[in-house]
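Shown next: protein.cif, given as mmCIF, C-alpha atoms and all ligand atoms.
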```cif
data_start
loop_
_atom_site.label_atom_id
_atom_site.label_comp_id
_atom_site.auth_asym_id
_atom_site.auth_seq_id
_atom_site.Cartn_x
_atom_site.Cartn_y
_atom_site.Cartn_z
CA MET Y 265 21.85 -1.30 -19.38
CA GLN Y 266 18.67 -2.86 -20.70
CA ALA Y 267 16.05 -1.51 -23.07
CA TYR Y 268 12.40 -2.45 -23.54
CA ARG Y 269 10.13 -1.48 -26.41
CA ALA Y 270 6.37 -1.48 -25.76
CA ALA Y 271 3.56 0.94 -24.98
CA ILE Y 272 4.61 2.76 -21.78
CA LEU Y 273 2.57 4.54 -19.09
CA ARG Y 274 4.09 6.99 -16.63
CA PHE Y 275 3.01 10.14 -14.77
CA ALA Y 276 4.06 13.79 -15.08
CA THR Y 277 4.83 15.16 -11.64
CA ASP Y 278 3.79 18.75 -12.35
CA ARG Y 279 0.18 18.17 -13.41
CA ASP Y 280 -3.13 17.41 -11.73
CA PRO Y 281 -3.15 13.62 -11.20
CA GLY Y 282 -6.43 13.35 -13.12
CA GLN Y 283 -4.58 14.36 -16.27
CA ALA Y 284 -0.99 13.49 -15.46
CA ALA Y 285 -0.62 10.26 -17.42
CA LEU Y 286 2.00 10.23 -20.18
CA TYR Y 287 1.52 7.44 -22.66
CA GLU Y 288 3.82 6.29 -25.43
CA GLN Y 289 2.00 4.07 -27.89
CA ASP Y 290 5.39 2.86 -29.15
CA GLY Y 291 7.85 3.66 -26.38
CA LEU Y 292 11.36 2.83 -25.22
CA LEU Y 293 12.31 2.31 -21.57
CA VAL Y 294 16.05 2.27 -20.85
CA VAL Y 295 17.12 0.90 -17.49
CA GLY Y 296 20.59 0.95 -15.93
CA PRO Y 297 22.45 1.27 -12.63
CA ASN Y 298 22.55 4.53 -10.65
CA ALA Y 299 25.52 5.62 -8.48
CA GLN Y 300 24.46 3.11 -5.78
CA GLY Y 301 24.31 0.26 -8.29
CA ARG Y 302 20.52 0.07 -8.19
CA GLN Y 303 18.73 -0.29 -11.54
CA VAL Y 304 16.75 2.85 -12.32
CA VAL Y 305 15.08 4.37 -15.36
CA GLN Y 306 17.79 6.08 -17.44
CA ALA Y 307 15.57 7.28 -20.26
CA VAL Y 308 11.98 6.91 -21.39
CA GLY Y 309 10.08 8.27 -24.36
CA PRO Y 310 8.98 7.58 -27.91
CA TRP Y 311 10.86 4.75 -29.62
CA HIS Y 312 11.56 6.76 -32.79
CA ALA Y 313 13.07 9.67 -30.84
CA LEU Y 314 15.10 7.70 -28.27
CA ARG Y 315 16.41 4.75 -30.25
CA ALA Y 316 19.23 6.77 -31.89
CA ARG Y 317 20.62 7.71 -28.46
CA PHE Y 318 21.18 4.06 -27.58
CA PRO Y 319 22.27 2.44 -30.87
CA GLU Y 320 24.39 -0.25 -29.22
CA LEU Y 321 21.67 -1.51 -26.87
CA ALA Y 322 19.89 -4.80 -27.56
CA VAL Y 323 16.18 -4.13 -27.20
CA THR Y 324 13.58 -6.51 -25.75
CA HIS Y 325 10.45 -5.95 -27.84
CA TRP Y 326 7.01 -6.60 -26.35
CA PRO Y 327 4.59 -5.84 -29.19
CA GLY Y 328 1.01 -5.23 -28.08
CA ARG Y 329 2.04 -5.03 -24.42
CA ILE Y 330 1.79 -2.06 -22.01
CA VAL Y 331 4.57 -1.37 -19.51
CA VAL Y 332 3.21 0.38 -16.39
CA PRO Y 333 4.77 1.36 -13.04
CA GLY Y 334 4.64 -1.40 -10.42
CA PHE Y 335 1.64 -0.92 -8.14
CA VAL Y 336 2.07 0.40 -4.58
CA ASP Y 337 -0.22 -1.13 -1.92
CA LEU Y 338 -0.47 1.27 1.02
CA HIS Y 339 -2.00 -1.08 3.58
CA SER Y 340 -2.44 -4.80 4.14
CA HIS Y 341 -1.82 -7.53 6.72
CA TYR Y 342 0.46 -10.31 5.52
CA PRO Y 343 -0.79 -12.65 8.31
CA GLN Y 344 -4.36 -12.31 7.04
CA THR Y 345 -4.17 -14.08 3.68
CA ASN Y 346 -6.27 -16.93 5.10
CA VAL Y 347 -8.78 -14.47 6.57
CA ILE Y 348 -9.97 -13.14 3.16
CA GLY Y 349 -13.69 -13.71 2.74
CA SER Y 350 -14.56 -14.29 6.41
CA PRO Y 351 -18.06 -12.88 6.88
CA ALA Y 352 -18.98 -10.91 10.01
CA GLU Y 353 -21.44 -8.29 11.16
CA GLY Y 354 -18.69 -5.73 11.32
CA LEU Y 355 -15.07 -5.04 12.17
CA LEU Y 356 -14.97 -5.99 15.85
CA PRO Y 357 -16.61 -9.45 15.58
CA TRP Y 358 -14.52 -10.09 12.44
CA LEU Y 359 -11.35 -9.39 14.42
CA GLU Y 360 -12.42 -11.56 17.34
CA ASN Y 361 -13.81 -14.54 15.42
CA TYR Y 362 -11.48 -14.84 12.44
CA THR Y 363 -8.51 -12.49 12.52
CA PHE Y 364 -7.12 -12.90 16.01
CA PRO Y 365 -7.27 -16.73 15.89
CA GLU Y 366 -5.35 -16.72 12.58
CA GLU Y 367 -2.76 -14.16 13.73
CA LYS Y 368 -2.09 -16.29 16.82
CA ARG Y 369 -0.50 -18.87 14.53
CA PHE Y 370 2.28 -16.43 13.60
CA ALA Y 371 4.10 -17.17 16.84
CA SER Y 372 5.43 -20.11 14.82
CA PRO Y 373 8.41 -19.11 12.64
CA ASP Y 374 7.59 -21.91 10.18
CA HIS Y 375 3.99 -20.78 9.74
CA ALA Y 376 5.14 -17.17 9.35
CA ALA Y 377 7.78 -18.12 6.77
CA GLU Y 378 5.32 -20.09 4.65
CA ALA Y 379 2.74 -17.28 4.83
CA ALA Y 380 5.33 -14.61 3.94
CA GLN Y 381 6.44 -16.66 0.95
CA PHE Y 382 2.88 -17.01 -0.34
CA PHE Y 383 2.00 -13.37 0.31
CA ILE Y 384 5.03 -11.93 -1.51
CA ALA Y 385 4.60 -14.33 -4.45
CA GLU Y 386 0.99 -13.19 -4.70
CA LEU Y 387 1.99 -9.50 -4.68
CA LEU Y 388 4.30 -10.20 -7.62
CA ARG Y 389 1.70 -12.23 -9.48
CA GLN Y 390 -0.71 -9.29 -9.19
CA GLY Y 391 1.78 -6.60 -10.21
CA VAL Y 392 2.37 -5.09 -6.77
CA THR Y 393 6.03 -4.14 -6.29
CA THR Y 394 5.91 -1.94 -3.16
CA ALA Y 395 3.80 -2.63 -0.08
CA LEU Y 396 3.32 -1.36 3.45
CA THR Y 397 1.98 -4.29 5.45
CA PHE Y 398 1.29 -5.29 9.04
CA ALA Y 399 3.08 -8.28 10.57
CA SER Y 400 1.62 -9.96 13.68
CA SER Y 401 2.51 -9.15 17.29
CA HIS Y 402 5.25 -11.83 17.25
CA PRO Y 403 8.81 -10.72 16.41
CA ALA Y 404 9.25 -14.01 14.50
CA SER Y 405 6.60 -12.82 12.02
CA VAL Y 406 8.63 -9.70 11.24
CA GLN Y 407 11.84 -11.69 10.83
CA ALA Y 408 10.08 -14.11 8.48
CA PHE Y 409 8.67 -11.34 6.32
CA PHE Y 410 11.88 -9.34 5.96
CA SER Y 411 13.91 -12.49 5.25
CA GLU Y 412 11.56 -13.44 2.43
CA ALA Y 413 11.35 -9.84 1.11
CA GLN Y 414 15.15 -9.66 0.96
CA LYS Y 415 15.26 -12.67 -1.38
CA HIS Y 416 13.07 -10.80 -3.88
CA ARG Y 417 14.90 -7.44 -3.51
CA MET Y 418 11.54 -5.67 -3.33
CA ARG Y 419 10.70 -2.40 -1.61
CA LEU Y 420 8.60 -3.74 1.25
CA ILE Y 421 7.81 -2.19 4.62
CA THR Y 422 6.48 -3.94 7.72
CA GLY Y 423 6.61 -3.80 11.50
CA LEU Y 424 5.77 -5.60 14.73
CA CYS Y 425 2.09 -5.19 15.55
CA LEU Y 426 1.86 -3.35 18.88
CA MET Y 427 -1.11 -4.51 20.94
CA ASP Y 428 -0.87 -4.91 24.68
CA ARG Y 429 -4.54 -5.06 25.72
CA HIS Y 430 -8.08 -6.04 24.75
CA ALA Y 431 -7.26 -9.15 22.72
CA PRO Y 432 -6.69 -12.84 23.59
CA PRO Y 433 -3.31 -13.70 25.20
CA GLY Y 434 -1.75 -15.46 22.19
CA VAL Y 435 -2.30 -12.42 19.97
CA LEU Y 436 -1.02 -9.80 22.40
CA ASN Y 437 2.64 -8.78 22.71
CA GLN Y 438 4.38 -11.13 25.16
CA PRO Y 439 6.39 -10.23 28.28
CA SER Y 440 9.97 -11.50 28.69
CA ALA Y 441 11.96 -12.46 31.80
CA SER Y 442 13.14 -8.88 32.22
CA ALA Y 443 10.33 -6.70 30.80
CA ASP Y 444 6.54 -6.53 30.78
CA ALA Y 445 4.69 -6.93 27.46
CA THR Y 446 4.52 -3.19 26.78
CA GLU Y 447 8.19 -2.53 27.41
CA GLN Y 448 9.24 -5.67 25.55
CA SER Y 449 7.17 -4.70 22.48
CA LEU Y 450 8.97 -1.35 22.36
CA LEU Y 451 12.39 -2.94 22.86
CA ASP Y 452 11.60 -5.43 20.10
CA THR Y 453 10.46 -2.58 17.82
CA GLU Y 454 13.71 -0.70 18.29
CA ALA Y 455 15.84 -3.81 17.78
CA LEU Y 456 13.93 -4.62 14.57
CA ILE Y 457 14.35 -1.04 13.30
CA GLN Y 458 18.09 -1.35 13.82
CA GLN Y 459 18.25 -4.76 12.22
CA TRP Y 460 16.11 -4.10 9.14
CA HIS Y 461 15.31 -0.46 8.35
CA GLY Y 462 17.27 0.64 5.28
CA VAL Y 463 18.73 -2.79 4.56
CA GLU Y 464 18.70 -2.81 0.76
CA ARG Y 465 15.18 -1.61 -0.05
CA LEU Y 466 13.48 -2.77 3.15
CA GLY Y 467 11.80 -0.35 5.52
CA TYR Y 468 10.43 -0.52 9.04
CA ALA Y 469 7.04 0.80 10.17
CA ILE Y 470 6.19 1.43 13.83
CA THR Y 471 2.85 -0.39 13.99
CA PRO Y 472 0.38 0.33 16.82
CA ARG Y 473 -2.60 -1.82 15.74
CA PHE Y 474 -5.23 0.76 16.74
CA VAL Y 475 -6.16 2.79 19.80
CA PRO Y 476 -8.45 0.12 21.37
CA THR Y 477 -5.66 -2.48 21.68
CA CYS Y 478 -2.84 -0.19 22.86
CA THR Y 479 -2.32 1.14 26.37
CA GLU Y 480 -1.37 4.74 26.94
CA ALA Y 481 2.18 3.61 27.78
CA GLN Y 482 2.49 1.70 24.51
CA LEU Y 483 1.19 4.62 22.41
CA ARG Y 484 3.57 6.97 24.23
CA GLY Y 485 6.50 4.62 23.61
CA ALA Y 486 5.56 4.28 19.94
CA GLY Y 487 5.47 8.08 19.60
CA GLU Y 488 8.88 8.40 21.25
CA LEU Y 489 10.35 5.90 18.79
CA ALA Y 490 8.68 7.76 15.92
CA ALA Y 491 10.41 10.98 17.02
CA ARG Y 492 13.77 9.24 17.41
CA TYR Y 493 13.56 7.54 13.98
CA PRO Y 494 12.00 10.09 11.61
CA GLN Y 495 12.81 8.07 8.47
CA VAL Y 496 10.91 5.07 9.77
CA TRP Y 497 7.24 4.75 8.78
CA ILE Y 498 4.21 4.60 11.10
CA GLN Y 499 1.11 2.55 10.23
CA SER Y 500 -2.17 2.13 12.05
CA HIS Y 501 -5.96 2.22 11.66
CA VAL Y 502 -8.40 5.03 12.33
CA ALA Y 503 -12.11 5.88 12.03
CA GLU Y 504 -13.08 2.68 10.22
CA ASN Y 505 -16.24 1.58 12.03
CA LYS Y 506 -18.79 3.23 14.32
CA ALA Y 507 -18.38 0.72 17.21
CA GLU Y 508 -14.59 0.97 16.97
CA ILE Y 509 -14.76 4.77 17.10
CA ALA Y 510 -17.02 4.73 20.17
CA TRP Y 511 -14.56 2.37 21.91
CA ALA Y 512 -11.55 4.53 21.04
CA ARG Y 513 -13.32 7.67 22.26
CA ALA Y 514 -14.30 6.00 25.56
CA LEU Y 515 -10.66 4.97 26.18
CA PHE Y 516 -9.19 8.43 25.50
CA PRO Y 517 -12.05 10.89 26.13
CA VAL Y 518 -9.70 13.84 26.55
CA SER Y 519 -8.51 13.70 22.92
CA ARG Y 520 -10.43 15.90 20.49
CA SER Y 521 -11.25 12.92 18.27
CA TYR Y 522 -10.10 9.36 17.54
CA LEU Y 523 -7.49 10.73 15.12
CA GLY Y 524 -6.61 13.30 17.78
CA THR Y 525 -5.49 10.49 20.11
CA TYR Y 526 -2.73 9.55 17.65
CA ALA Y 527 -1.77 13.23 17.41
CA ASP Y 528 -1.62 13.47 21.21
CA PHE Y 529 1.02 10.71 21.23
CA GLY Y 530 3.16 12.11 18.40
CA LEU Y 531 2.00 9.53 15.88
CA LEU Y 532 0.91 11.90 13.10
CA ARG Y 533 3.73 13.03 10.86
CA GLN Y 534 5.09 12.51 7.36
CA ARG Y 535 5.53 8.81 6.62
CA ALA Y 536 2.55 7.99 8.88
CA VAL Y 537 -0.10 6.02 6.98
CA TYR Y 538 -3.55 5.53 8.51
CA ALA Y 539 -5.87 2.92 7.06
CA HIS Y 540 -9.53 3.79 6.36
CA CYS Y 541 -10.06 7.41 7.59
CA LEU Y 542 -13.79 7.06 6.86
CA HIS Y 543 -15.65 8.90 9.61
CA PHE Y 544 -13.71 12.18 9.74
CA ASP Y 545 -14.78 15.76 10.31
CA ASP Y 546 -12.99 18.73 8.77
CA ASP Y 547 -10.78 19.19 11.84
CA ASP Y 548 -9.52 15.63 11.36
CA ARG Y 549 -8.91 16.28 7.68
CA THR Y 550 -7.02 19.45 8.51
CA LEU Y 551 -4.91 17.56 11.06
CA MET Y 552 -4.02 14.99 8.39
CA ARG Y 553 -3.05 17.75 5.97
CA ASP Y 554 -1.06 19.83 8.46
CA THR Y 555 0.92 16.90 9.85
CA GLY Y 556 1.67 15.34 6.44
CA ALA Y 557 0.08 12.02 7.43
CA ALA Y 558 -1.56 10.00 4.65
CA ALA Y 559 -4.72 7.91 4.36
CA ALA Y 560 -4.72 4.39 2.94
CA VAL Y 561 -8.06 4.09 1.16
CA CYS Y 562 -9.24 0.47 1.44
CA PRO Y 563 -12.41 0.21 -0.67
CA THR Y 564 -12.84 -3.57 -0.97
CA SER Y 565 -12.42 -3.93 2.79
CA ASN Y 566 -14.81 -1.09 3.57
CA LEU Y 567 -17.46 -2.56 1.28
CA PHE Y 568 -16.93 -6.11 2.56
CA LEU Y 569 -17.06 -5.26 6.28
CA GLY Y 570 -19.80 -2.65 5.79
CA SER Y 571 -17.57 0.00 7.35
CA GLY Y 572 -18.48 3.00 5.19
CA PHE Y 573 -17.33 5.07 2.22
CA PHE Y 574 -14.14 7.11 1.98
CA ASP Y 575 -15.13 10.74 1.39
CA TYR Y 576 -13.06 11.72 -1.64
CA ALA Y 577 -14.74 15.12 -1.90
CA GLY Y 578 -13.87 15.90 1.73
CA ALA Y 579 -10.27 14.75 1.31
CA ASP Y 580 -9.82 16.84 -1.84
CA ARG Y 581 -11.54 19.90 -0.37
CA VAL Y 582 -9.14 20.01 2.59
CA GLY Y 583 -6.22 18.53 0.70
CA PHE Y 584 -4.62 15.66 2.61
CA GLN Y 585 -2.66 12.84 0.99
CA TYR Y 586 -4.17 9.48 0.20
CA GLY Y 587 -3.58 6.39 -1.92
CA LEU Y 588 -5.09 2.97 -2.52
CA ALA Y 589 -4.70 -0.21 -0.51
CA SER Y 590 -5.94 -3.80 -0.62
CA ASP Y 591 -6.26 -4.22 3.17
CA VAL Y 592 -5.96 -8.00 2.77
CA GLY Y 593 -7.60 -9.80 4.62
CA GLY Y 594 -10.46 -7.36 5.43
CA GLY Y 595 -10.05 -6.54 1.75
CA THR Y 596 -11.22 -9.16 -0.69
CA SER Y 597 -8.48 -9.09 -3.31
CA PHE Y 598 -4.75 -8.68 -3.91
CA SER Y 599 -5.53 -7.27 -7.36
CA PRO Y 600 -4.87 -3.54 -7.86
CA PHE Y 601 -7.50 -3.62 -10.61
CA HIS Y 602 -10.16 -4.86 -8.19
CA THR Y 603 -9.12 -2.20 -5.69
CA MET Y 604 -9.29 0.61 -8.27
CA LEU Y 605 -12.74 -0.52 -9.41
CA ALA Y 606 -13.99 -0.68 -5.81
CA ALA Y 607 -12.61 2.84 -5.26
CA TYR Y 608 -14.72 3.99 -8.19
CA TYR Y 609 -17.86 2.41 -6.70
CA VAL Y 610 -17.11 3.95 -3.30
CA GLY Y 611 -16.46 7.37 -4.79
CA ARG Y 612 -19.70 7.24 -6.77
CA GLU Y 613 -21.81 6.42 -3.74
CA GLY Y 614 -24.16 9.30 -3.09
CA GLN Y 615 -22.55 11.42 -5.82
CA THR Y 616 -24.49 12.76 -8.76
CA LYS Y 617 -21.38 12.90 -10.90
CA PRO Y 618 -17.90 11.47 -10.35
CA GLY Y 619 -15.38 13.97 -8.97
CA LEU Y 620 -11.91 14.60 -10.36
CA SER Y 621 -10.38 11.91 -8.16
CA LEU Y 622 -12.46 9.25 -9.94
CA ARG Y 623 -10.95 9.97 -13.33
CA PRO Y 624 -9.23 6.84 -14.67
CA GLN Y 625 -5.79 8.48 -14.64
CA HIS Y 626 -6.32 9.66 -11.08
CA MET Y 627 -7.37 6.22 -9.83
CA TRP Y 628 -4.34 4.63 -11.49
CA TRP Y 629 -2.14 7.35 -9.95
CA GLN Y 630 -3.63 6.65 -6.50
CA HIS Y 631 -2.27 3.09 -6.74
CA THR Y 632 1.17 4.04 -8.18
CA ALA Y 633 2.78 7.49 -8.09
CA GLY Y 634 0.21 8.89 -5.65
CA ALA Y 635 0.64 6.03 -3.20
CA ALA Y 636 4.42 6.42 -3.49
CA GLN Y 637 4.05 10.12 -2.68
CA ALA Y 638 1.95 9.24 0.38
CA LEU Y 639 4.87 7.06 1.55
CA GLY Y 640 7.38 9.87 1.00
CA LEU Y 641 8.77 7.89 -1.95
CA ALA Y 642 7.82 10.17 -4.86
CA GLY Y 643 10.42 9.85 -7.60
CA VAL Y 644 11.66 6.57 -6.08
CA VAL Y 645 8.89 4.09 -6.91
CA GLY Y 646 5.40 4.17 -8.44
CA ASN Y 647 6.50 5.92 -11.62
CA LEU Y 648 8.73 5.36 -14.65
CA GLN Y 649 10.24 8.82 -14.96
CA PRO Y 650 14.06 8.97 -15.20
CA GLY Y 651 15.67 8.18 -11.82
CA CYS Y 652 12.81 5.97 -10.57
CA GLU Y 653 13.69 2.46 -9.46
CA ALA Y 654 12.92 0.11 -12.32
CA ASP Y 655 9.97 -1.80 -10.88
CA PHE Y 656 7.41 -2.33 -13.62
CA VAL Y 657 4.62 -4.55 -14.86
CA VAL Y 658 4.04 -5.84 -18.37
CA LEU Y 659 0.30 -5.91 -19.12
CA ASN Y 660 -1.28 -7.91 -21.90
CA PRO Y 661 -4.48 -6.10 -22.91
CA GLN Y 662 -5.40 -9.12 -25.06
CA ALA Y 663 -5.37 -11.44 -22.05
CA THR Y 664 -9.07 -12.30 -22.32
CA PRO Y 665 -11.48 -12.05 -25.27
CA LEU Y 666 -13.47 -9.31 -23.55
CA LEU Y 667 -10.37 -7.29 -22.59
CA ALA Y 668 -9.06 -7.59 -26.15
CA ARG Y 669 -12.38 -6.43 -27.60
CA LYS Y 670 -12.87 -3.57 -25.15
CA THR Y 671 -9.30 -2.21 -25.12
CA ALA Y 672 -9.13 -2.33 -28.94
CA ALA Y 673 -12.25 -0.13 -29.04
CA ALA Y 674 -10.83 2.50 -26.65
CA ALA Y 675 -10.91 5.92 -28.30
CA ASN Y 676 -8.44 7.57 -25.93
CA LEU Y 677 -6.15 6.93 -22.96
CA ASP Y 678 -8.89 7.40 -20.33
CA GLU Y 679 -11.05 4.79 -22.04
CA LEU Y 680 -8.11 2.37 -22.27
CA LEU Y 681 -7.21 2.79 -18.59
CA PHE Y 682 -10.82 2.55 -17.48
CA SER Y 683 -11.34 -0.66 -19.49
CA MET Y 684 -8.45 -2.25 -17.64
CA ILE Y 685 -9.66 -0.96 -14.25
CA VAL Y 686 -13.10 -2.46 -14.83
CA LEU Y 687 -12.14 -5.73 -16.54
CA GLY Y 688 -8.61 -6.32 -15.24
CA ASP Y 689 -7.29 -8.89 -12.80
CA ASP Y 690 -4.23 -11.14 -12.54
CA ARG Y 691 -4.76 -12.35 -16.14
CA LEU Y 692 -3.78 -8.89 -17.35
CA VAL Y 693 -0.41 -9.12 -15.57
CA GLU Y 694 1.97 -10.96 -17.86
CA GLN Y 695 5.19 -10.20 -16.02
CA THR Y 696 6.38 -8.24 -12.98
CA VAL Y 697 9.94 -6.92 -13.16
CA ILE Y 698 11.81 -5.90 -10.00
CA SER Y 699 14.75 -3.47 -10.01
CA GLN Y 700 17.98 -5.34 -9.35
CA ALA Y 701 21.12 -4.25 -7.53
CA ILE Y 702 24.11 -4.71 -9.82
N1 LIG Y 801 -8.46 -2.42 13.02
C1 LIG Y 801 -7.62 -3.03 13.88
N2 LIG Y 801 -7.10 -4.16 13.37
C2 LIG Y 801 -7.61 -4.28 12.14
C3 LIG Y 801 -7.45 -5.25 11.10
O1 LIG Y 801 -6.72 -6.21 11.21
N3 LIG Y 801 -8.17 -5.02 9.96
C4 LIG Y 801 -8.98 -3.93 9.80
N4 LIG Y 801 -9.65 -3.79 8.65
N5 LIG Y 801 -9.15 -3.03 10.75
C5 LIG Y 801 -8.48 -3.19 11.91
ZN ZN Y 802 -5.79 -3.06 8.23
#
```

Translate the structure of the given file into structure tokens.
Amino acid sequence: MQAYRAAILRFATDRDPGQAALYEQDGLLVVGPNAQGRQVVQAVGPWHALRARFPELAVTHWPGRIVVPGFVDLHSHYPQTNVIGSPAEGLLPWLENYTFPEEKRFASPDHAAEAAQFFIAELLRQGVTTALTFASSHPASVQAFFSEAQKHRMRLITGLCLMDRHAPPGVLNQPSASADATEQSLLDTEALIQQWHGVERLGYAITPRFVPTCTEAQLRGAGELAARYPQVWIQSHVAENKAEIAWARALFPVSRSYLGTYADFGLLRQRAVYAHCLHFDDDDRTLMRDTGAAAAVCPTSNLFLGSGFFDYAGADRVGFQYGLASDVGGGTSFSPFHTMLAAYYVGREGQTKPGLSLRPQHMWWQHTAGAAQALGLAGVVGNLQPGCEADFVVLNPQATPLLARKTAAAANLDELLFSMIVLGDDRLVEQTVISQAI
């Protein structure tokens, strides 16, 4: 067992997320192995009340520091680190001119291994401990990512990008001697599920890139796998950009909507995470809610590519799940603080006053416990309540002169959290601690 004394942030699970934060100014976090030998939170609360229960424990004291749940990034592309900051008129030219040429390089196991190493190190440096991320269309890119993730014992989820049309040859799934590209991509997906899903904390996500680059046969095969492996995640993109939507509608005109195409192939269910979800109507929102699918809100990406603004009011009115995501490399930053601030800007667009989902506690929740809930991992990661895996971040609110000045002046928890959302970046993250298997 290990014990840490510092200020501690966690979330009550029975309250509105806008007022669910529990904050110990002088707290104690006790961490120890569960029945499976995985380090989890054993106890958490005020130092003065808890200390007597653990008199024999040596305590690591971090005065002036704030321990917070590790951040959960609901959507990114590990092969797109080099694509960050590539300007384009919009999504489709950005994919064609920058993204596809870079992803082509992931046919090389060495390139994929180096990129996976950098990407995961950067997650840790920024305080992200759980991530759902795309690999490229090359099985070697999935192998490289899981191999690197295993070294760090992190809870990371990825999958082979399924794309069998409408992209250059080196970026599409490849045929083999015995199967065409579509069939081979599905065989590879199933083999990778069996090799990696549930190994330690790793998870597999069936990963159709988006409707425009998948044939009907590939979407059908992906849906069949999703039915056969209900614990496996699904990740894709939907309703990000007007030109993309028009293309998706032209390819599957019989579906009720772009989102409806995924439903038609059995790709909407719990543990299905759809990036963007910008241009929805209420029928789409209801479909998200009724199937248990979740939206990955990607504000820095949507602002950078000029895609649009996630409609928080619409999502909350109908009541489907969502959480925050960097969407590197359409997104401009690995930092959860930058993403939370961009979410605030996006949510304020066109609003006369910020809604409940823009409260500081709610935005923090969207990137921790709320994102974990969207993944079906509530009570597992994204929180520091007893039983949660002990992934946490040590923040130093004195990291810069301005942060020190502003956080010291905070009159309450909302002001403290909002100061860090607005001014925070990797300098705030002093240490990222990953739950170990004992
Ligand atoms: N839609 C299909 N592929 C992508 C991608 O790589 N990034 C974003 N932002 N949208 C996509
Ligand atoms: Zn994406």

### Message
Neighbouring residues of ligand ZN 802 (chain Y) are defined here as those with any atom at most 10 Å from a ligand atom, counting all atoms listed in the file; list them as a list in words.
### Response
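Those residues are Leu338, His339, Ser340, His341, Tyr342, Gln344, Thr397, Phe398, Arg473, Phe474, Gln499, Ser500, His501, Val502, Glu504, Tyr538, Ala539, His540, Ala560, Cys562, Ser565, Ala589, Ser590, Asp591, Val592, Gly593, Gly594 and Gly595 of chain Y.
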
### Task
Would you mind listing what lies within 6 Å of segment 641-644 of chain Y as a list in words, with all atoms listed in the file counted and same-chain residues fewer than 5 positions away left out?
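The contact residues come out as Ala636, Cys652 and Glu653 of chain Y.
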
Write the residues of the preceding selection, restricted to C-alpha atoms, as a CSV table (one decimal), keeping the file's coordinate frame.
```csv
chain,number,residue,atom,x,y,z
Y,636,ALA,CA,4.4,6.4,-3.5
Y,652,CYS,CA,12.8,6.0,-10.6
Y,653,GLU,CA,13.7,2.5,-9.5
```

### Task
Up to 10 Å from (-4.1, 10.8, 6.4) in the file's coordinates: name the residues, counting only C-alpha atoms, as an MDAnalysis selection string.
chainID Y and resid 502 523 532:541 548:561 579 583:587 638

Once you have the residues from the selection above, write them out as a PDB file, in the coordinates of the input, restricted to C-alpha atoms.
```pdb
ATOM      1  CA  VAL Y 502      -8.400   5.030  12.330  1.00  0.00           C
ATOM      2  CA  LEU Y 523      -7.490  10.730  15.120  1.00  0.00           C
ATOM      3  CA  LEU Y 532       0.910  11.900  13.100  1.00  0.00           C
ATOM      4  CA  ARG Y 533       3.730  13.030  10.860  1.00  0.00           C
ATOM      5  CA  GLN Y 534       5.090  12.510   7.360  1.00  0.00           C
ATOM      6  CA  ARG Y 535       5.530   8.810   6.620  1.00  0.00           C
ATOM      7  CA  ALA Y 536       2.550   7.990   8.880  1.00  0.00           C
ATOM      8  CA  VAL Y 537      -0.100   6.020   6.980  1.00  0.00           C
ATOM      9  CA  TYR Y 538      -3.550   5.530   8.510  1.00  0.00           C
ATOM     10  CA  ALA Y 539      -5.870   2.920   7.060  1.00  0.00           C
ATOM     11  CA  HIS Y 540      -9.530   3.790   6.360  1.00  0.00           C
ATOM     12  CA  CYS Y 541     -10.060   7.410   7.590  1.00  0.00           C
ATOM     13  CA  ASP Y 548      -9.520  15.630  11.360  1.00  0.00           C
ATOM     14  CA  ARG Y 549      -8.910  16.280   7.680  1.00  0.00           C
ATOM     15  CA  THR Y 550      -7.020  19.450   8.510  1.00  0.00           C
ATOM     16  CA  LEU Y 551      -4.910  17.560  11.060  1.00  0.00           C
ATOM     17  CA  MET Y 552      -4.020  14.990   8.390  1.00  0.00           C
ATOM     18  CA  ARG Y 553      -3.050  17.750   5.970  1.00  0.00           C
ATOM     19  CA  ASP Y 554      -1.060  19.830   8.460  1.00  0.00           C
ATOM     20  CA  THR Y 555       0.920  16.900   9.850  1.00  0.00           C
ATOM     21  CA  GLY Y 556       1.670  15.340   6.440  1.00  0.00           C
ATOM     22  CA  ALA Y 557       0.080  12.020   7.430  1.00  0.00           C
ATOM     23  CA  ALA Y 558      -1.560  10.000   4.650  1.00  0.00           C
ATOM     24  CA  ALA Y 559      -4.720   7.910   4.360  1.00  0.00           C
ATOM     25  CA  ALA Y 560      -4.720   4.390   2.940  1.00  0.00           C
ATOM     26  CA  VAL Y 561      -8.060   4.090   1.160  1.00  0.00           C
ATOM     27  CA  ALA Y 579     -10.270  14.750   1.310  1.00  0.00           C
ATOM     28  CA  GLY Y 583      -6.220  18.530   0.700  1.00  0.00           C
ATOM     29  CA  PHE Y 584      -4.620  15.660   2.610  1.00  0.00           C
ATOM     30  CA  GLN Y 585      -2.660  12.840   0.990  1.00  0.00           C
ATOM     31  CA  TYR Y 586      -4.170   9.480   0.200  1.00  0.00           C
ATOM     32  CA  GLY Y 587      -3.580   6.390  -1.920  1.00  0.00           C
ATOM     33  CA  ALA Y 638       1.950   9.240   0.380  1.00  0.00           C
TER      34      ALA Y 638
END
```

### Test item: residues at most 6 Å from Ala654 of chain Y, only C-alpha atoms, excluding those fewer than 5 positions along its chain, as a list in words
Gln303, Val304, Val305 and Ser699 of chain Y

I need the residues from that last selection saved to file as a PDB file, keeping the file's coordinate frame (with C-alpha atoms), if you can.
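Now in selection.pdb:
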```
ATOM      1  CA  GLN Y 303      18.730  -0.290 -11.540  1.00  0.00           C
ATOM      2  CA  VAL Y 304      16.750   2.850 -12.320  1.00  0.00           C
ATOM      3  CA  VAL Y 305      15.080   4.370 -15.360  1.00  0.00           C
ATOM      4  CA  SER Y 699      14.750  -3.470 -10.010  1.00  0.00           C
TER       5      SER Y 699
END
```
